[in-house]
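File shown: run.cif. Contents: mmCIF, C-alpha atoms, pLDDT in the B column; chains and numbers go by the auth columns.
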data_final
loop_
_atom_site.group_PDB
_atom_site.id
_atom_site.type_symbol
_atom_site.label_atom_id
_atom_site.label_comp_id
_atom_site.label_asym_id
_atom_site.label_seq_id
_atom_site.Cartn_x
_atom_site.Cartn_y
_atom_site.Cartn_z
_atom_site.B_iso_or_equiv
_atom_site.auth_seq_id
_atom_site.auth_asym_id
ATOM 1 C CA MET A 1 3.876 60.620 12.262 72.00 71 A
ATOM 2 C CA GLU A 2 5.639 63.954 12.344 90.00 72 A
ATOM 3 C CA TYR A 3 7.173 65.514 15.411 96.00 73 A
ATOM 4 C CA GLU A 4 5.343 68.101 17.505 96.00 74 A
ATOM 5 C CA LEU A 5 6.561 70.957 19.685 97.00 75 A
ATOM 6 C CA LYS A 6 4.738 72.625 22.554 96.00 76 A
ATOM 7 C CA LEU A 7 5.919 75.519 24.658 96.00 77 A
ATOM 8 C CA ASP A 8 4.899 76.277 28.223 95.00 78 A
ATOM 9 C CA GLN A 9 6.883 79.024 29.917 95.00 79 A
ATOM 10 C CA GLU A 10 10.441 77.684 30.315 96.00 80 A
ATOM 11 C CA TRP A 11 9.413 74.207 29.180 97.00 81 A
ATOM 12 C CA LEU A 12 9.589 72.722 25.724 97.00 82 A
ATOM 13 C CA TRP A 13 7.759 69.462 25.056 98.00 83 A
ATOM 14 C CA ILE A 14 8.873 67.508 21.990 98.00 84 A
ATOM 15 C CA GLY A 15 6.572 64.778 20.738 98.00 85 A
ATOM 16 C CA LEU A 16 8.977 62.569 18.783 98.00 86 A
ATOM 17 C CA PRO A 17 8.016 61.016 15.426 97.00 87 A
ATOM 18 C CA THR A 18 7.405 57.296 14.844 95.00 88 A
ATOM 19 C CA GLU A 19 10.920 56.841 13.541 95.00 89 A
ATOM 20 C CA LEU A 20 13.653 59.092 14.878 96.00 90 A
ATOM 21 C CA ASP A 21 16.476 58.813 12.359 95.00 91 A
ATOM 22 C CA HIS A 22 19.086 61.236 11.030 95.00 92 A
ATOM 23 C CA PHE A 23 16.607 62.901 8.665 94.00 93 A
ATOM 24 C CA GLN A 24 13.993 63.469 11.391 96.00 94 A
ATOM 25 C CA ALA A 25 16.597 64.454 13.996 96.00 95 A
ATOM 26 C CA GLU A 26 17.840 67.222 11.687 95.00 96 A
ATOM 27 C CA GLN A 27 14.344 68.658 11.229 96.00 97 A
ATOM 28 C CA ILE A 28 13.718 68.611 14.972 97.00 98 A
ATOM 29 C CA ARG A 29 17.096 70.146 15.759 96.00 99 A
ATOM 30 C CA LYS A 30 16.359 73.095 13.463 96.00 100 A
ATOM 31 C CA ALA A 31 12.856 73.597 14.854 97.00 101 A
ATOM 32 C CA VAL A 32 14.114 73.476 18.452 96.00 102 A
ATOM 33 C CA LYS A 33 16.861 75.945 17.644 95.00 103 A
ATOM 34 C CA ASP A 34 14.235 78.402 16.363 95.00 104 A
ATOM 35 C CA LYS A 35 12.101 77.982 19.479 95.00 105 A
ATOM 36 C CA MET A 36 15.094 78.527 21.727 93.00 106 A
ATOM 37 C CA GLN A 37 15.907 81.744 19.961 93.00 107 A
ATOM 38 C CA GLU A 38 12.364 82.929 20.323 92.00 108 A
ATOM 39 C CA ARG A 39 12.011 82.016 23.979 93.00 109 A
ATOM 40 C CA TYR A 40 14.147 81.281 27.068 96.00 110 A
ATOM 41 C CA ILE A 41 13.861 77.539 27.537 97.00 111 A
ATOM 42 C CA LYS A 42 15.333 75.710 30.483 97.00 112 A
ATOM 43 C CA TYR A 43 13.635 72.316 30.403 97.00 113 A
ATOM 44 C CA VAL A 44 13.027 69.943 27.519 97.00 114 A
ATOM 45 C CA ILE A 45 10.899 66.793 27.554 98.00 115 A
ATOM 46 C CA PHE A 46 11.396 64.237 24.788 98.00 116 A
ATOM 47 C CA ASP A 47 8.196 62.234 24.545 98.00 117 A
ATOM 48 C CA PHE A 48 8.653 58.767 22.985 97.00 118 A
ATOM 49 C CA GLU A 49 4.980 57.814 23.118 96.00 119 A
ATOM 50 C CA ARG A 50 4.664 57.309 19.337 96.00 120 A
ATOM 51 C CA THR A 51 8.262 56.322 18.701 96.00 121 A
ATOM 52 C CA SER A 52 9.176 52.786 17.747 94.00 122 A
ATOM 53 C CA LEU A 53 12.612 53.359 16.218 95.00 123 A
ATOM 54 C CA MET A 54 15.556 55.500 17.173 95.00 124 A
ATOM 55 C CA ASP A 55 19.110 55.286 15.897 95.00 125 A
ATOM 56 C CA SER A 56 22.265 57.055 17.094 94.00 126 A
ATOM 57 C CA SER A 57 21.151 60.318 15.443 95.00 127 A
ATOM 58 C CA GLY A 58 18.475 60.539 18.134 95.00 128 A
ATOM 59 C CA ILE A 59 21.158 60.136 20.779 95.00 129 A
ATOM 60 C CA GLY A 60 23.037 63.063 19.233 95.00 130 A
ATOM 61 C CA LEU A 61 19.884 65.166 19.263 96.00 131 A
ATOM 62 C CA ILE A 62 19.162 64.527 22.942 96.00 132 A
ATOM 63 C CA ALA A 63 22.784 64.870 24.067 95.00 133 A
ATOM 64 C CA GLY A 64 23.036 68.126 22.111 95.00 134 A
ATOM 65 C CA ARG A 65 20.038 69.625 23.925 96.00 135 A
ATOM 66 C CA TYR A 66 21.511 68.471 27.231 95.00 136 A
ATOM 67 C CA ARG A 67 24.723 70.356 26.495 94.00 137 A
ATOM 68 C CA GLU A 68 22.793 73.527 25.696 94.00 138 A
ATOM 69 C CA LEU A 69 20.552 73.378 28.744 96.00 139 A
ATOM 70 C CA ALA A 70 23.122 72.209 31.287 94.00 140 A
ATOM 71 C CA VAL A 71 25.033 75.484 30.997 95.00 141 A
ATOM 72 C CA ARG A 72 21.924 77.423 32.026 94.00 142 A
ATOM 73 C CA GLY A 73 21.090 75.031 34.856 96.00 143 A
ATOM 74 C CA GLY A 74 18.327 73.352 32.905 96.00 144 A
ATOM 75 C CA GLN A 75 17.448 69.713 32.415 96.00 145 A
ATOM 76 C CA VAL A 76 16.396 67.140 29.853 97.00 146 A
ATOM 77 C CA TYR A 77 13.680 64.564 30.492 97.00 147 A
ATOM 78 C CA VAL A 78 12.496 61.547 28.528 97.00 148 A
ATOM 79 C CA SER A 79 8.976 60.250 28.785 97.00 149 A
ATOM 80 C CA ASN A 80 6.915 57.224 27.653 96.00 150 A
ATOM 81 C CA VAL A 81 10.007 55.233 26.771 95.00 151 A
ATOM 82 C CA HIS A 82 8.970 51.758 25.556 90.00 152 A
ATOM 83 C CA ASP A 83 11.186 48.731 26.225 87.00 153 A
ATOM 84 C CA ARG A 84 12.563 48.812 22.721 84.00 154 A
ATOM 85 C CA MET A 85 13.677 52.442 23.108 90.00 155 A
ATOM 86 C CA LYS A 86 14.944 51.726 26.601 91.00 156 A
ATOM 87 C CA LYS A 87 17.439 49.305 25.071 89.00 157 A
ATOM 88 C CA VAL A 88 18.789 52.056 22.805 91.00 158 A
ATOM 89 C CA LEU A 89 18.879 54.694 25.556 93.00 159 A
ATOM 90 C CA THR A 90 20.623 52.343 27.964 92.00 160 A
ATOM 91 C CA LEU A 91 23.150 51.198 25.393 90.00 161 A
ATOM 92 C CA SER A 92 24.067 54.807 24.619 91.00 162 A
ATOM 93 C CA GLY A 93 24.634 55.708 28.268 90.00 163 A
ATOM 94 C CA LEU A 94 22.151 58.564 27.879 92.00 164 A
ATOM 95 C CA TYR A 95 20.463 57.786 31.188 93.00 165 A
ATOM 96 C CA ARG A 96 23.442 59.390 32.898 92.00 166 A
ATOM 97 C CA ILE A 97 22.347 62.792 31.635 93.00 167 A
ATOM 98 C CA VAL A 98 18.578 62.571 31.225 95.00 168 A
ATOM 99 C CA THR A 99 15.866 61.812 33.744 93.00 169 A
ATOM 100 C CA PRO A 100 12.769 59.700 33.044 94.00 170 A
ATOM 101 C CA TRP A 101 9.804 62.043 33.422 93.00 171 A
ATOM 102 C CA GLU A 102 7.738 59.352 35.173 90.00 172 A
ATOM 103 C CA GLN A 103 10.372 59.202 37.911 87.00 173 A
ATOM 104 C CA VAL A 104 9.897 62.919 38.549 85.00 174 A
ATOM 105 C CA MET A 105 6.137 62.465 38.766 81.00 175 A
ATOM 106 C CA VAL A 106 6.536 59.635 41.299 83.00 176 A
ATOM 107 C CA SER A 107 8.829 61.613 43.605 81.00 177 A
ATOM 108 C CA GLU A 108 6.515 64.644 43.292 80.00 178 A
ATOM 109 C CA SER A 109 3.532 62.632 44.505 81.00 179 A
ATOM 110 C CA GLU A 110 5.606 61.107 47.312 81.00 180 A
ATOM 111 C CA ASN A 111 6.520 64.576 48.508 78.00 181 A
ATOM 112 C CA ASN A 112 2.925 65.746 48.560 70.00 182 A
ATOM 113 C CA MET B 1 23.959 26.907 -0.433 53.00 248 B
ATOM 114 C CA SER B 2 20.428 25.563 -0.438 63.00 249 B
ATOM 115 C CA ASN B 3 17.562 27.899 0.443 81.00 250 B
ATOM 116 C CA THR B 4 19.045 31.241 -0.454 92.00 251 B
ATOM 117 C CA ASN B 5 17.299 34.345 -1.661 97.00 252 B
ATOM 118 C CA GLU B 6 18.906 37.620 -2.686 97.00 253 B
ATOM 119 C CA MET B 7 17.907 41.155 -3.463 98.00 254 B
ATOM 120 C CA GLN B 8 19.636 44.335 -4.429 98.00 255 B
ATOM 121 C CA VAL B 9 18.457 47.902 -4.398 98.00 256 B
ATOM 122 C CA GLU B 10 20.099 51.215 -5.251 98.00 257 B
ATOM 123 C CA PHE B 11 18.901 54.681 -4.329 98.00 258 B
ATOM 124 C CA ASP B 12 20.050 58.270 -3.987 97.00 259 B
ATOM 125 C CA GLY B 13 21.974 58.951 -0.802 96.00 260 B
ATOM 126 C CA ILE B 14 19.631 61.500 0.702 95.00 261 B
ATOM 127 C CA GLY B 15 18.057 61.650 4.147 93.00 262 B
ATOM 128 C CA GLU B 16 14.560 61.079 2.781 93.00 263 B
ATOM 129 C CA ASN B 17 15.612 57.573 1.704 96.00 264 B
ATOM 130 C CA GLU B 18 16.741 56.406 5.148 95.00 265 B
ATOM 131 C CA GLY B 19 13.226 55.279 6.012 95.00 266 B
ATOM 132 C CA PHE B 20 12.845 53.648 2.603 97.00 267 B
ATOM 133 C CA ALA B 21 16.017 51.607 3.140 98.00 268 B
ATOM 134 C CA ARG B 22 14.779 50.332 6.509 97.00 269 B
ATOM 135 C CA VAL B 23 11.403 49.322 5.118 97.00 270 B
ATOM 136 C CA VAL B 24 12.868 47.523 2.087 98.00 271 B
ATOM 137 C CA VAL B 25 15.157 45.387 4.219 98.00 272 B
ATOM 138 C CA ALA B 26 12.459 44.734 6.811 97.00 273 B
ATOM 139 C CA ALA B 27 10.058 43.579 4.084 97.00 274 B
ATOM 140 C CA PHE B 28 12.681 41.304 2.546 98.00 275 B
ATOM 141 C CA VAL B 29 13.636 39.639 5.818 97.00 276 B
ATOM 142 C CA SER B 30 10.003 39.108 6.834 96.00 277 B
ATOM 143 C CA GLN B 31 10.140 35.736 4.999 94.00 278 B
ATOM 144 C CA LEU B 32 12.260 34.429 7.861 95.00 279 B
ATOM 145 C CA ASN B 33 9.547 35.343 10.378 94.00 280 B
ATOM 146 C CA PRO B 34 11.757 37.540 12.526 96.00 281 B
ATOM 147 C CA THR B 35 10.528 38.610 15.943 95.00 282 B
ATOM 148 C CA LEU B 36 9.609 42.263 16.415 92.00 283 B
ATOM 149 C CA GLU B 37 12.805 42.711 18.349 92.00 284 B
ATOM 150 C CA GLU B 38 14.929 41.216 15.564 96.00 285 B
ATOM 151 C CA LEU B 39 13.153 43.403 13.037 96.00 286 B
ATOM 152 C CA GLY B 40 13.792 46.458 15.187 94.00 287 B
ATOM 153 C CA ASP B 41 17.471 45.544 15.522 95.00 288 B
ATOM 154 C CA ILE B 42 17.825 45.147 11.755 97.00 289 B
ATOM 155 C CA LYS B 43 16.109 48.476 11.075 97.00 290 B
ATOM 156 C CA VAL B 44 18.408 50.360 13.452 96.00 291 B
ATOM 157 C CA ALA B 45 21.512 48.695 12.000 97.00 292 B
ATOM 158 C CA VAL B 46 20.427 49.549 8.427 98.00 293 B
ATOM 159 C CA SER B 47 19.604 53.082 9.480 97.00 294 B
ATOM 160 C CA GLU B 48 23.077 53.575 10.935 96.00 295 B
ATOM 161 C CA ALA B 49 24.918 52.241 7.903 97.00 296 B
ATOM 162 C CA VAL B 50 22.810 54.193 5.393 97.00 297 B
ATOM 163 C CA THR B 51 23.170 57.388 7.430 96.00 298 B
ATOM 164 C CA ASN B 52 26.945 56.921 7.476 96.00 299 B
ATOM 165 C CA ALA B 53 26.989 56.494 3.696 97.00 300 B
ATOM 166 C CA ILE B 54 24.984 59.696 3.258 96.00 301 B
ATOM 167 C CA ILE B 55 26.628 62.038 5.729 93.00 302 B
ATOM 168 C CA HIS B 56 30.164 60.696 5.858 94.00 303 B
ATOM 169 C CA GLY B 57 30.600 58.895 2.536 95.00 304 B
ATOM 170 C CA TYR B 58 29.020 61.547 0.372 96.00 305 B
ATOM 171 C CA GLU B 59 28.996 64.522 2.749 91.00 306 B
ATOM 172 C CA LYS B 60 27.626 67.472 0.768 86.00 307 B
ATOM 173 C CA THR B 61 27.692 65.623 -2.545 91.00 308 B
ATOM 174 C CA ARG B 62 25.050 63.232 -3.775 90.00 309 B
ATOM 175 C CA GLY B 63 25.761 59.646 -4.701 96.00 310 B
ATOM 176 C CA LYS B 64 24.128 56.253 -4.803 98.00 311 B
ATOM 177 C CA VAL B 65 23.774 53.883 -1.899 98.00 312 B
ATOM 178 C CA ARG B 66 23.473 50.202 -2.741 98.00 313 B
ATOM 179 C CA ILE B 67 22.035 47.517 -0.512 98.00 314 B
ATOM 180 C CA HIS B 68 22.617 43.879 -1.209 98.00 315 B
ATOM 181 C CA ALA B 69 20.815 41.463 1.077 98.00 316 B
ATOM 182 C CA LYS B 70 20.857 37.706 1.175 98.00 317 B
ATOM 183 C CA LEU B 71 18.793 35.264 3.180 97.00 318 B
ATOM 184 C CA GLN B 72 20.542 32.037 3.945 96.00 319 B
ATOM 185 C CA GLU B 73 18.648 29.599 6.112 93.00 320 B
ATOM 186 C CA ASN B 74 17.957 31.561 9.287 95.00 321 B
ATOM 187 C CA ARG B 75 20.336 34.421 8.645 96.00 322 B
ATOM 188 C CA LEU B 76 20.303 37.741 6.902 98.00 323 B
ATOM 189 C CA ILE B 77 23.550 38.901 5.343 98.00 324 B
ATOM 190 C CA ILE B 78 23.375 42.511 4.380 98.00 325 B
ATOM 191 C CA GLN B 79 25.841 44.768 2.607 98.00 326 B
ATOM 192 C CA ILE B 80 25.480 48.522 2.454 98.00 327 B
ATOM 193 C CA MET B 81 27.794 50.159 -0.049 98.00 328 B
ATOM 194 C CA ASP B 82 28.676 53.659 -1.108 97.00 329 B
ATOM 195 C CA SER B 83 31.196 55.052 -3.575 97.00 330 B
ATOM 196 C CA GLY B 84 31.985 58.037 -1.413 96.00 331 B
ATOM 197 C CA LYS B 85 35.182 59.314 0.078 96.00 332 B
ATOM 198 C CA GLY B 86 35.923 56.264 2.206 96.00 333 B
ATOM 199 C CA ILE B 87 37.332 56.039 5.726 95.00 334 B
ATOM 200 C CA ASP B 88 41.028 56.685 6.368 94.00 335 B
ATOM 201 C CA ASP B 89 41.232 54.768 9.628 94.00 336 B
ATOM 202 C CA VAL B 90 38.455 52.201 10.009 94.00 337 B
ATOM 203 C CA GLU B 91 39.619 51.061 13.423 94.00 338 B
ATOM 204 C CA LYS B 92 39.500 54.617 14.758 93.00 339 B
ATOM 205 C CA ALA B 93 36.106 55.253 13.149 93.00 340 B
ATOM 206 C CA MET B 94 34.710 52.228 14.939 93.00 341 B
ATOM 207 C CA GLU B 95 35.747 53.395 18.395 91.00 342 B
ATOM 208 C CA PRO B 96 32.690 54.232 20.504 89.00 343 B
ATOM 209 C CA LEU B 97 32.014 57.976 20.682 87.00 344 B
ATOM 210 C CA PHE B 98 34.546 58.784 17.966 89.00 345 B
ATOM 211 C CA THR B 99 33.102 61.204 15.436 91.00 346 B
ATOM 212 C CA THR B 100 34.514 63.467 12.770 91.00 347 B
ATOM 213 C CA LYS B 101 31.373 65.600 12.969 90.00 348 B
ATOM 214 C CA PRO B 102 30.717 66.716 16.546 88.00 349 B
ATOM 215 C CA GLU B 103 29.399 70.052 15.213 86.00 350 B
ATOM 216 C CA GLU B 104 26.562 68.162 13.528 86.00 351 B
ATOM 217 C CA GLU B 105 25.770 66.490 16.835 87.00 352 B
ATOM 218 C CA ARG B 106 26.818 63.075 15.633 89.00 353 B
ATOM 219 C CA SER B 107 27.067 60.857 18.684 88.00 354 B
ATOM 220 C CA GLY B 108 29.888 58.653 17.407 90.00 355 B
ATOM 221 C CA MET B 109 27.836 55.578 18.196 92.00 356 B
ATOM 222 C CA GLY B 110 26.846 54.433 14.724 94.00 357 B
ATOM 223 C CA PHE B 111 29.217 51.480 14.489 95.00 358 B
ATOM 224 C CA SER B 112 28.617 50.588 18.153 94.00 359 B
ATOM 225 C CA PHE B 113 24.896 50.333 17.394 95.00 360 B
ATOM 226 C CA MET B 114 25.517 48.221 14.276 97.00 361 B
ATOM 227 C CA GLU B 115 27.699 45.944 16.379 96.00 362 B
ATOM 228 C CA ALA B 116 25.189 45.735 19.216 94.00 363 B
ATOM 229 C CA PHE B 117 22.165 45.059 17.035 95.00 364 B
ATOM 230 C CA THR B 118 23.624 42.462 14.696 97.00 365 B
ATOM 231 C CA ASP B 119 25.636 39.279 15.165 97.00 366 B
ATOM 232 C CA GLU B 120 28.527 40.195 12.929 97.00 367 B
ATOM 233 C CA LEU B 121 29.931 43.400 11.484 98.00 368 B
ATOM 234 C CA LYS B 122 32.658 43.991 8.953 97.00 369 B
ATOM 235 C CA VAL B 123 33.711 47.362 7.561 97.00 370 B
ATOM 236 C CA GLU B 124 35.840 47.629 4.438 97.00 371 B
ATOM 237 C CA SER B 125 36.867 50.977 3.088 97.00 372 B
ATOM 238 C CA ARG B 126 39.217 52.502 0.561 96.00 373 B
ATOM 239 C CA PRO B 127 39.837 56.223 0.771 96.00 374 B
ATOM 240 C CA GLY B 128 38.533 57.854 -2.393 95.00 375 B
ATOM 241 C CA GLU B 129 36.631 54.756 -3.471 96.00 376 B
ATOM 242 C CA GLY B 130 33.975 54.052 -0.909 97.00 377 B
ATOM 243 C CA THR B 131 32.887 51.915 1.985 97.00 378 B
ATOM 244 C CA THR B 132 31.141 48.569 2.322 98.00 379 B
ATOM 245 C CA VAL B 133 29.524 47.574 5.590 98.00 380 B
ATOM 246 C CA THR B 134 28.604 43.901 5.943 98.00 381 B
ATOM 247 C CA MET B 135 26.340 42.760 8.734 98.00 382 B
ATOM 248 C CA VAL B 136 24.918 39.382 9.636 98.00 383 B
ATOM 249 C CA LYS B 137 21.804 38.914 11.694 98.00 384 B
ATOM 250 C CA VAL B 138 20.858 35.436 12.809 97.00 385 B
ATOM 251 C CA MET B 139 17.136 34.972 13.416 95.00 386 B
ATOM 252 C CA GLY B 140 16.193 33.069 16.515 91.00 387 B
ATOM 253 C CA ALA B 141 19.643 33.512 18.024 77.00 388 B
ATOM 254 C CA GLY B 142 18.932 36.312 20.440 61.00 389 B
ATOM 255 C CA ASN B 143 21.685 38.838 21.058 49.00 390 B
ATOM 256 C CA GLY B 144 25.347 37.987 21.267 43.00 391 B
ATOM 257 C CA SER B 145 25.197 34.897 19.078 41.00 392 B
ATOM 258 C CA ASP B 146 28.603 33.748 17.906 43.00 393 B
ATOM 259 C CA ASP B 147 27.319 32.039 14.776 41.00 394 B
ATOM 260 C CA ARG B 148 29.533 32.894 11.872 39.00 395 B
ATOM 261 C CA ILE B 149 29.302 32.979 8.091 42.00 396 B
ATOM 262 C CA ASP B 150 30.778 30.327 5.790 40.00 397 B
#

Could you express the structure from this file as structure tokens?
Amino acid sequence: MEYELKLDQEWLWIGLPTELDHFQAEQIRKAVKDKMQERYIKYVIFDFERTSLMDSSGIGLIAGRYRELAVRGGQVYVSNVHDRMKKVLTLSGLYRIVTPWEQVMVSESENN
Amino acid sequence: MSNTNEMQVEFDGIGENEGFARVVVAAFVSQLNPTLEELGDIKVAVSEAVTNAIIHGYEKTRGKVRIHAKLQENRLIIQIMDSGKGIDDVEKAMEPLFTTKPEEERSGMGFSFMEAFTDELKVESRPGEGTTVTMVKVMGAGNGSDDRID
């Protein structure tokens, strides 16, 4: 499966492909760059729902978006991370800079 | 010595073939009935080594990547070779987070991932001649096995 992008105001949702490798990461990076030129984006959600493989290129992609958004006070979220992907994300130390989307939803509902 | 099985495949070092390389190795190792987790580990490790060959070994040029895999009892021994520019300082290249290409958003974690997802990793390189990455994955060992070759 290919990646998908959806825009909603300052939010960009990225539906990641089945296998996020160097080749796919490059395509996504270019597409995101275009979107960010077109629109002011502050928040990005990487959705792993369909993803069953990610290598270190995916880490570079996510960390790169974090660097871009952090300077404008934005944030990067990850969502639907399966156990397999959790292993990769944890190993990379990426959880120090990204927030699981489900965690945000839980604290939202607790506040309401 | 007994029960061994080998395969070799060679392909152009282009991004489109990264997925192909993963699938070929996964199909070959399926004879050992790996768990889904082991299969996933192998695919990530192959992906890292092939990506390195393409973007670091060959950079903007195009060359061939060769994979040689061997099944020996419950282990997979896999070599990923390129004839690219080689690595000047292998030890440095293997340091976590070290990358020569930060502008391309390389995370510098390729070798760390290969190390984490296999049981053994060896990197041999000669500047100007190419690089060979050898990895061993032991099926049924779980992570962190200290089983060794020969």

| Exercise answer, chain A residues close to chain B, 12 Å and only C-alpha atoms, as a ChimeraX atom specification | /A:88-97,99-100,121-138,153-155,157-164

| field | Exercise: Trp171 in chain A partners within 12 Å, all atoms listed in the file, chain neighbours under 5 positions left out, as number ranges by chain | value | A: 83, 113-118, 145-151, 165, 176-178

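The coordinates place CA of Asn280 in chain B at 29.7 Å from CA of Lys311 in chain B.
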
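Here CA of Met341 in chain B and CA of Phe258 in chain B stand 25.0 Å from one another.
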
| message | Just the number, please: distance in Å from CA of Asn252 in chain B to CA of Phe267 in chain B, one decimal. | response | 20.3 Å

| request: Convert the output of the PyMOL selection byres ((chain A and resi 77) around 12) on the shown file into explicit residues, formatted as a PyMOL selection string. | output: chain A and resi 74-76+78-85+102+105-106+108-115

| said: Suppose a student applies the PyMOL selection byres ((chain B and resi 371) around 12) to this structure; what residues should they get, written as number ranges by chain? | reply: B: 326-330, 333-338, 340-341, 368-370, 372-374, 376-382

| field | Shortest interatomic distance to His315 in chain B - which of B:Ile289, B:Val256, B:Ala300, B:Val385, counting only C-alpha atoms | value | B:Val256

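Proximity of B:Ala296, B:Ala388, B:Ile325, B:Val312 to Phe275 in chain B, computed with all atoms listed in the file, is greatest for B:Ile325.
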
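Close contacts of Lys317 in chain B, defined as residues with an atom at most 6 Å away when counting only C-alpha atoms, with chain neighbours fewer than 2 positions off set aside, comprise Asn252, Glu253, Leu323 and Ile324 of chain B.
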